[in-house]
file model39.cif (mmCIF, N, CA and C atoms)
data_upload
#
loop_
_atom_site.label_atom_id
_atom_site.label_comp_id
_atom_site.auth_asym_id
_atom_site.auth_seq_id
_atom_site.Cartn_x
_atom_site.Cartn_y
_atom_site.Cartn_z
N MET O 209 -112.24 36.73 30.30
CA MET O 209 -111.25 36.97 31.34
C MET O 209 -111.28 35.80 32.32
N SER O 210 -110.14 35.28 32.62
CA SER O 210 -110.07 34.13 33.53
C SER O 210 -110.03 34.58 34.98
N ASN O 211 -110.44 33.69 35.87
CA ASN O 211 -110.41 33.97 37.30
C ASN O 211 -109.07 33.55 37.87
N PHE O 212 -108.46 34.45 38.61
CA PHE O 212 -107.21 34.14 39.28
C PHE O 212 -107.52 33.73 40.71
N SER O 213 -106.78 32.77 41.21
CA SER O 213 -106.89 32.46 42.62
C SER O 213 -106.15 33.54 43.39
N TYR O 214 -106.41 33.60 44.67
CA TYR O 214 -105.76 34.60 45.51
C TYR O 214 -104.23 34.43 45.49
N LEU O 215 -103.76 33.19 45.52
CA LEU O 215 -102.33 32.92 45.48
C LEU O 215 -101.73 33.38 44.16
N GLU O 216 -102.39 33.12 43.06
CA GLU O 216 -101.89 33.57 41.75
C GLU O 216 -101.82 35.09 41.69
N LEU O 217 -102.83 35.75 42.23
CA LEU O 217 -102.83 37.21 42.26
C LEU O 217 -101.65 37.74 43.08
N LEU O 218 -101.41 37.15 44.24
CA LEU O 218 -100.28 37.57 45.07
C LEU O 218 -98.95 37.34 44.37
N LEU O 219 -98.79 36.19 43.77
CA LEU O 219 -97.54 35.89 43.07
C LEU O 219 -97.32 36.84 41.90
N PHE O 220 -98.38 37.14 41.19
CA PHE O 220 -98.28 38.03 40.03
C PHE O 220 -97.98 39.47 40.45
N SER O 221 -98.68 39.96 41.47
CA SER O 221 -98.55 41.36 41.85
C SER O 221 -97.46 41.63 42.89
N GLY O 222 -97.07 40.62 43.65
CA GLY O 222 -96.09 40.86 44.71
C GLY O 222 -94.69 40.39 44.42
N CYS O 223 -94.56 39.35 43.65
CA CYS O 223 -93.23 38.79 43.42
C CYS O 223 -92.35 39.68 42.55
N LEU O 224 -92.92 40.36 41.58
CA LEU O 224 -92.12 41.22 40.72
C LEU O 224 -91.46 42.36 41.50
N PRO O 225 -92.21 43.15 42.28
CA PRO O 225 -91.54 44.22 43.02
C PRO O 225 -90.54 43.68 44.05
N ILE O 226 -90.89 42.62 44.72
CA ILE O 226 -89.98 42.07 45.73
C ILE O 226 -88.73 41.50 45.07
N SER O 227 -88.88 40.84 43.94
CA SER O 227 -87.72 40.30 43.22
C SER O 227 -86.80 41.42 42.76
N LEU O 228 -87.38 42.49 42.23
CA LEU O 228 -86.56 43.62 41.80
C LEU O 228 -85.82 44.25 42.97
N LEU O 229 -86.48 44.35 44.11
CA LEU O 229 -85.80 44.90 45.29
C LEU O 229 -84.67 43.99 45.76
N LEU O 230 -84.91 42.69 45.74
CA LEU O 230 -83.87 41.74 46.17
C LEU O 230 -82.67 41.79 45.25
N ILE O 231 -82.90 42.03 43.97
CA ILE O 231 -81.79 42.08 43.01
C ILE O 231 -81.06 43.41 43.07
N THR O 232 -81.80 44.51 43.12
CA THR O 232 -81.17 45.83 43.00
C THR O 232 -80.73 46.44 44.33
N LYS O 233 -81.32 46.05 45.42
CA LYS O 233 -81.02 46.67 46.72
C LYS O 233 -80.56 45.65 47.75
N LYS O 234 -79.76 44.68 47.32
CA LYS O 234 -79.33 43.62 48.22
C LYS O 234 -78.55 44.17 49.42
N HIS O 235 -77.67 45.13 49.18
CA HIS O 235 -76.88 45.71 50.29
C HIS O 235 -77.79 46.41 51.31
N PHE O 236 -78.83 47.08 50.81
CA PHE O 236 -79.77 47.76 51.69
C PHE O 236 -80.54 46.75 52.54
N LEU O 237 -80.96 45.66 51.93
CA LEU O 237 -81.68 44.61 52.66
C LEU O 237 -80.79 43.95 53.70
N ASN O 238 -79.53 43.73 53.37
CA ASN O 238 -78.61 43.14 54.34
C ASN O 238 -78.35 44.09 55.51
N LYS O 239 -78.28 45.37 55.21
CA LYS O 239 -78.01 46.38 56.25
C LYS O 239 -79.13 46.40 57.30
N TYR O 240 -80.37 46.22 56.84
CA TYR O 240 -81.53 46.33 57.73
C TYR O 240 -82.24 45.00 57.93
N ARG O 241 -81.56 43.88 57.79
CA ARG O 241 -82.24 42.58 57.85
C ARG O 241 -82.90 42.31 59.20
N LYS O 242 -82.31 42.79 60.30
CA LYS O 242 -82.93 42.59 61.61
C LYS O 242 -84.25 43.35 61.72
N ILE O 243 -84.29 44.54 61.15
CA ILE O 243 -85.53 45.32 61.18
C ILE O 243 -86.60 44.63 60.34
N PHE O 244 -86.21 44.12 59.17
CA PHE O 244 -87.17 43.40 58.34
C PHE O 244 -87.72 42.18 59.08
N LEU O 245 -86.86 41.45 59.75
CA LEU O 245 -87.30 40.26 60.48
C LEU O 245 -88.22 40.64 61.63
N LYS O 246 -87.87 41.68 62.38
CA LYS O 246 -88.70 42.10 63.51
C LYS O 246 -90.06 42.61 63.07
N THR O 247 -90.11 43.35 61.97
CA THR O 247 -91.41 43.84 61.50
C THR O 247 -92.27 42.70 60.97
N ALA O 248 -91.65 41.71 60.34
CA ALA O 248 -92.41 40.55 59.86
C ALA O 248 -93.01 39.77 61.02
N ILE O 249 -92.20 39.52 62.03
CA ILE O 249 -92.70 38.79 63.21
C ILE O 249 -93.78 39.61 63.92
N GLY O 250 -93.54 40.89 64.07
CA GLY O 250 -94.52 41.77 64.72
C GLY O 250 -95.83 41.84 63.97
N SER O 251 -95.76 41.89 62.66
CA SER O 251 -97.00 41.96 61.88
C SER O 251 -97.82 40.68 62.05
N LEU O 252 -97.16 39.55 62.10
CA LEU O 252 -97.88 38.29 62.29
C LEU O 252 -98.43 38.16 63.71
N ILE O 253 -97.67 38.62 64.69
CA ILE O 253 -98.13 38.54 66.08
C ILE O 253 -99.40 39.37 66.27
N PHE O 254 -99.46 40.55 65.65
CA PHE O 254 -100.63 41.41 65.84
C PHE O 254 -101.75 41.11 64.86
N ALA O 255 -101.43 40.80 63.62
CA ALA O 255 -102.48 40.62 62.60
C ALA O 255 -103.13 39.24 62.65
N PHE O 256 -102.34 38.20 62.88
CA PHE O 256 -102.87 36.84 62.79
C PHE O 256 -104.02 36.58 63.74
N PRO O 257 -103.93 36.93 65.03
CA PRO O 257 -105.07 36.68 65.93
C PRO O 257 -106.34 37.44 65.52
N TRP O 258 -106.18 38.67 65.05
CA TRP O 258 -107.35 39.46 64.64
C TRP O 258 -108.01 38.85 63.41
N TYR O 259 -107.20 38.44 62.45
CA TYR O 259 -107.75 37.78 61.27
C TYR O 259 -108.47 36.50 61.67
N SER O 260 -107.83 35.72 62.52
CA SER O 260 -108.40 34.45 62.94
C SER O 260 -109.74 34.65 63.64
N LEU O 261 -109.81 35.61 64.55
CA LEU O 261 -111.07 35.91 65.25
C LEU O 261 -112.14 36.42 64.29
N ALA O 262 -111.77 37.33 63.41
CA ALA O 262 -112.75 37.90 62.48
C ALA O 262 -113.29 36.85 61.52
N ILE O 263 -112.41 36.00 61.01
CA ILE O 263 -112.86 34.96 60.08
C ILE O 263 -113.64 33.88 60.83
N GLY O 264 -113.16 33.49 62.00
CA GLY O 264 -113.84 32.47 62.80
C GLY O 264 -115.23 32.90 63.23
N ASN O 265 -115.43 34.20 63.48
CA ASN O 265 -116.74 34.73 63.87
C ASN O 265 -117.55 35.23 62.68
N ARG O 266 -117.08 34.98 61.49
CA ARG O 266 -117.75 35.32 60.24
C ARG O 266 -117.98 36.81 60.06
N ILE O 267 -117.09 37.60 60.63
CA ILE O 267 -117.10 39.04 60.38
C ILE O 267 -116.43 39.32 59.04
N TRP O 268 -115.43 38.52 58.74
CA TRP O 268 -114.66 38.62 57.50
C TRP O 268 -114.62 37.23 56.88
N TYR O 269 -114.58 37.16 55.57
CA TYR O 269 -114.56 35.84 54.93
C TYR O 269 -113.79 35.88 53.62
N PHE O 270 -113.42 34.71 53.15
CA PHE O 270 -112.77 34.53 51.86
C PHE O 270 -113.56 33.49 51.09
N LEU O 271 -113.68 33.67 49.81
CA LEU O 271 -114.39 32.71 48.98
C LEU O 271 -113.58 31.42 48.89
N LYS O 272 -114.17 30.32 49.29
CA LYS O 272 -113.47 29.03 49.35
C LYS O 272 -112.83 28.60 48.03
N PRO O 273 -113.48 28.81 46.87
CA PRO O 273 -112.83 28.36 45.63
C PRO O 273 -111.56 29.13 45.29
N LEU O 274 -111.36 30.31 45.89
CA LEU O 274 -110.21 31.14 45.55
C LEU O 274 -109.04 30.97 46.51
N ILE O 275 -109.22 30.23 47.58
CA ILE O 275 -108.14 30.07 48.56
C ILE O 275 -107.75 28.62 48.67
N GLY O 276 -106.60 28.40 49.30
CA GLY O 276 -106.11 27.04 49.48
C GLY O 276 -106.10 26.66 50.95
N PHE O 277 -104.93 26.36 51.46
CA PHE O 277 -104.72 25.89 52.82
C PHE O 277 -105.03 26.97 53.85
N GLU O 278 -105.60 26.59 54.98
CA GLU O 278 -105.93 27.54 56.06
C GLU O 278 -105.20 27.14 57.34
N ILE O 279 -104.82 28.15 58.12
CA ILE O 279 -104.23 27.94 59.45
C ILE O 279 -105.08 28.74 60.43
N PHE O 280 -105.81 28.05 61.30
CA PHE O 280 -106.73 28.70 62.24
C PHE O 280 -107.64 29.69 61.52
N TYR O 281 -108.29 29.24 60.48
CA TYR O 281 -109.23 30.00 59.66
C TYR O 281 -108.58 30.99 58.70
N VAL O 282 -107.31 31.29 58.88
CA VAL O 282 -106.64 32.29 58.05
C VAL O 282 -106.00 31.59 56.85
N PRO O 283 -106.38 32.00 55.63
CA PRO O 283 -105.78 31.37 54.45
C PRO O 283 -104.28 31.66 54.36
N LEU O 284 -103.54 30.69 53.87
CA LEU O 284 -102.10 30.86 53.68
C LEU O 284 -101.82 32.07 52.81
N GLU O 285 -102.67 32.31 51.83
CA GLU O 285 -102.49 33.46 50.95
C GLU O 285 -102.56 34.77 51.71
N GLU O 286 -103.42 34.84 52.72
CA GLU O 286 -103.53 36.07 53.51
C GLU O 286 -102.29 36.27 54.37
N ILE O 287 -101.73 35.19 54.88
CA ILE O 287 -100.49 35.29 55.65
C ILE O 287 -99.37 35.79 54.75
N LEU O 288 -99.31 35.28 53.53
CA LEU O 288 -98.30 35.76 52.58
C LEU O 288 -98.53 37.23 52.23
N PHE O 289 -99.79 37.63 52.11
CA PHE O 289 -100.10 39.03 51.84
C PHE O 289 -99.61 39.93 52.98
N ILE O 290 -99.87 39.51 54.21
CA ILE O 290 -99.42 40.29 55.37
C ILE O 290 -97.90 40.44 55.34
N LEU O 291 -97.19 39.36 55.06
CA LEU O 291 -95.73 39.40 55.03
C LEU O 291 -95.21 40.26 53.87
N MET O 292 -95.82 40.11 52.70
CA MET O 292 -95.38 40.90 51.54
C MET O 292 -95.63 42.39 51.76
N LEU O 293 -96.80 42.72 52.26
CA LEU O 293 -97.12 44.12 52.52
C LEU O 293 -96.20 44.70 53.58
N THR O 294 -95.93 43.95 54.63
CA THR O 294 -95.02 44.40 55.68
C THR O 294 -93.63 44.63 55.12
N PHE O 295 -93.15 43.71 54.30
CA PHE O 295 -91.82 43.85 53.69
C PHE O 295 -91.75 45.12 52.84
N LEU O 296 -92.73 45.32 51.98
CA LEU O 296 -92.70 46.47 51.08
C LEU O 296 -92.84 47.80 51.84
N LEU O 297 -93.72 47.84 52.82
CA LEU O 297 -93.87 49.07 53.60
C LEU O 297 -92.64 49.37 54.45
N THR O 298 -92.04 48.34 55.01
CA THR O 298 -90.80 48.53 55.77
C THR O 298 -89.69 49.03 54.86
N PHE O 299 -89.59 48.45 53.68
CA PHE O 299 -88.57 48.86 52.73
C PHE O 299 -88.73 50.33 52.35
N VAL O 300 -89.94 50.73 51.98
CA VAL O 300 -90.19 52.11 51.57
C VAL O 300 -89.91 53.07 52.73
N THR O 301 -90.33 52.71 53.92
CA THR O 301 -90.10 53.57 55.09
C THR O 301 -88.62 53.73 55.37
N LEU O 302 -87.87 52.64 55.37
CA LEU O 302 -86.42 52.71 55.62
C LEU O 302 -85.71 53.48 54.53
N LEU O 303 -86.11 53.29 53.30
CA LEU O 303 -85.50 54.02 52.19
C LEU O 303 -85.76 55.51 52.32
N PHE O 304 -86.99 55.86 52.68
CA PHE O 304 -87.33 57.27 52.89
C PHE O 304 -86.53 57.87 54.03
N LEU O 305 -86.44 57.14 55.16
CA LEU O 305 -85.71 57.66 56.31
C LEU O 305 -84.23 57.79 56.03
N GLU O 306 -83.67 56.86 55.28
CA GLU O 306 -82.24 56.91 54.97
C GLU O 306 -81.94 58.08 54.04
N ASN O 307 -82.83 58.37 53.11
CA ASN O 307 -82.61 59.48 52.18
C ASN O 307 -82.96 60.82 52.81
N ALA O 308 -83.68 60.83 53.91
CA ALA O 308 -84.07 62.08 54.58
C ALA O 308 -82.99 62.57 55.55
N LYS O 309 -81.99 61.74 55.80
CA LYS O 309 -80.93 62.15 56.73
C LYS O 309 -80.14 63.32 56.13
N PRO O 310 -79.79 64.30 56.97
CA PRO O 310 -79.03 65.46 56.46
C PRO O 310 -77.60 65.11 56.11
#
call {"tool": "encode", "arguments": {"input": "model39.cif", "output": "structure tokens"}}
result
Amino acid sequence: MSNFSYLELLLFSGCLPISLLLITKKHFLNKYRKIFLKTAIGSLIFAFPWYSLAIGNRIWYFLKPLIGFEIFYVPLEEILFILMLTFLLTFVTLLFLENAKP
């Protein structure tokens, strides 16, 4: 079994669901694009400083051979993970709320 880098794992596991959503639910994404943008910005505003502090103080760490570029101790792959997770959770929440309307 080969070792995947963190970026390869994210691309493999995150791009397929996001690509399918972009293709099949384009009207839904356009309808709520401001919400998607606000949640993405909000997730980075709140998560990035905590990650940076935790990694900088060695409370949390990433294996150097598995990561690439870092921004204030936070690997680019982790930033992409935060954004992908935020996108998918926002999508599921909005879809649930839209279908729950009477």
call {"tool": "atom_distance", "arguments": {"input": "model39.cif", "atom1": "atom N of O:Leu293", "atom2": "atom N of O:Ile275"}}
result
18.2 Å
call {"tool": "select_by_dssp", "arguments": {"input": "model39.cif", "residues": "stretch 226-276 of chain O", "states": "alpha helix (DSSP H)", "output": "MDAnalysis selection string"}}
result
chainID O and resid 226:232 234:239 241:264
call {"tool": "atom_distance", "arguments": {"input": "model39.cif", "atom1": "atom CA of O:Leu218", "atom2": "atom CA of O:Lys239"}}
result
26.4 Å
call {"tool": "closest_residue", "arguments": {"input": "model39.cif", "among": "O:Phe304, O:Phe299, O:Phe256, O:Tyr240", "to": "O:Ile287", "atoms": "only N, CA and C atoms"}}
result
O:Phe256
call {"tool": "select_by_dssp", "arguments": {"input": "model39.cif", "residues": "chain O", "states": "strand (DSSP E)", "output": "list in words"}}
result
Glu278, Ile279, Val282 and Pro283 of chain O
call {"tool": "write_last_selection", "arguments": {"input": "model39.cif", "atoms": "N, CA and C atoms", "output": "compact mmCIF listing (two decimals), in the frame of the given file"}}
result
# COMPACT_ATOMS: atom_id res chain seq x y z
N GLU O 278 -105.60 26.59 54.98
CA GLU O 278 -105.93 27.54 56.06
C GLU O 278 -105.20 27.14 57.34
N ILE O 279 -104.82 28.15 58.12
CA ILE O 279 -104.23 27.94 59.45
C ILE O 279 -105.08 28.74 60.43
N VAL O 282 -107.31 31.29 58.88
CA VAL O 282 -106.64 32.29 58.05
C VAL O 282 -106.00 31.59 56.85
N PRO O 283 -106.38 32.00 55.63
CA PRO O 283 -105.78 31.37 54.45
C PRO O 283 -104.28 31.66 54.36
call {"tool": "residues_around", "arguments": {"input": "model39.cif", "residues": "stretch 257-262 of chain O", "least_positions_apart": "6", "cutoff": "7 Å", "atoms": "only N, CA and C atoms", "output": "list in words"}}
result
Trp268, Tyr269, Phe280, Tyr281 and Val282 of chain O
call {"tool": "atom_distance", "arguments": {"input": "model39.cif", "atom1": "atom N of O:Leu219", "atom2": "atom N of O:Ile253"}}
result
21.1 Å
call {"tool": "residues_near_point", "arguments": {"input": "model39.cif", "point": "(-85.7, 53.8, 56.2)", "cutoff": "12 Å", "atoms": "only C-alpha atoms", "output": "number ranges by chain"}}
result
O: 236-237, 239-241, 243-244, 295-309
call {"tool": "resolve_selection", "arguments": {"input": "model39.cif", "expression": "the PyMOL selection byres ((chain O and resi 214) around 8)", "output": "list in words"}}
result
Asn211, Phe212, Ser213, Leu215, Glu216, Leu217, Leu218, Leu219, Phe220, Pro273, Leu274, Ile275, Gly276, Glu285 and Glu286 of chain O
call {"tool": "axis_aligned_box", "arguments": {"input": "model39.cif", "around": "stretch 236-247 of chain O", "padding_each_side": "8 Å", "output": "JSON"}}
result
{"center_x": -85.1, "center_y": 44.0, "center_z": 57.2, "size_x": 30.3, "size_y": 23.5, "size_z": 28.7}
call {"tool": "decode", "arguments": {"input": "model39.cif", "residues": "stretch 238-250 of chain O", "atoms": "N, CA and C atoms", "output": "short mmCIF file (atom, residue, chain, number, x, y, z; two decimals), in the first residue's frame"}}
result
data_model
loop_
_atom_site.label_atom_id
_atom_site.label_comp_id
_atom_site.auth_asym_id
_atom_site.auth_seq_id
_atom_site.Cartn_x
_atom_site.Cartn_y
_atom_site.Cartn_z
N ASN O 238 -25.74 28.79 -6.75
CA ASN O 238 -25.88 30.20 -7.14
C ASN O 238 -26.87 30.93 -6.24
N LYS O 239 -27.92 30.23 -5.85
CA LYS O 239 -28.95 30.83 -4.99
C LYS O 239 -28.37 31.25 -3.63
N TYR O 240 -27.46 30.43 -3.10
CA TYR O 240 -26.91 30.66 -1.77
C TYR O 240 -25.44 31.03 -1.79
N ARG O 241 -24.94 31.60 -2.86
CA ARG O 241 -23.49 31.86 -2.97
C ARG O 241 -22.98 32.82 -1.90
N LYS O 242 -23.78 33.80 -1.49
CA LYS O 242 -23.34 34.72 -0.43
C LYS O 242 -23.17 33.99 0.90
N ILE O 243 -24.06 33.05 1.18
CA ILE O 243 -23.95 32.28 2.41
C ILE O 243 -22.70 31.41 2.38
N PHE O 244 -22.45 30.78 1.22
CA PHE O 244 -21.25 29.96 1.09
C PHE O 244 -19.99 30.80 1.31
N LEU O 245 -19.96 31.98 0.73
CA LEU O 245 -18.80 32.86 0.87
C LEU O 245 -18.62 33.30 2.33
N LYS O 246 -19.71 33.69 2.97
CA LYS O 246 -19.64 34.14 4.37
C LYS O 246 -19.20 33.02 5.31
N THR O 247 -19.69 31.81 5.09
CA THR O 247 -19.28 30.71 5.97
C THR O 247 -17.82 30.34 5.74
N ALA O 248 -17.36 30.44 4.50
CA ALA O 248 -15.94 30.15 4.21
C ALA O 248 -15.04 31.17 4.90
N ILE O 249 -15.38 32.43 4.77
CA ILE O 249 -14.58 33.48 5.42
C ILE O 249 -14.64 33.33 6.94
N GLY O 250 -15.82 33.08 7.46
CA GLY O 250 -15.98 32.90 8.90
C GLY O 250 -15.20 31.72 9.44
#
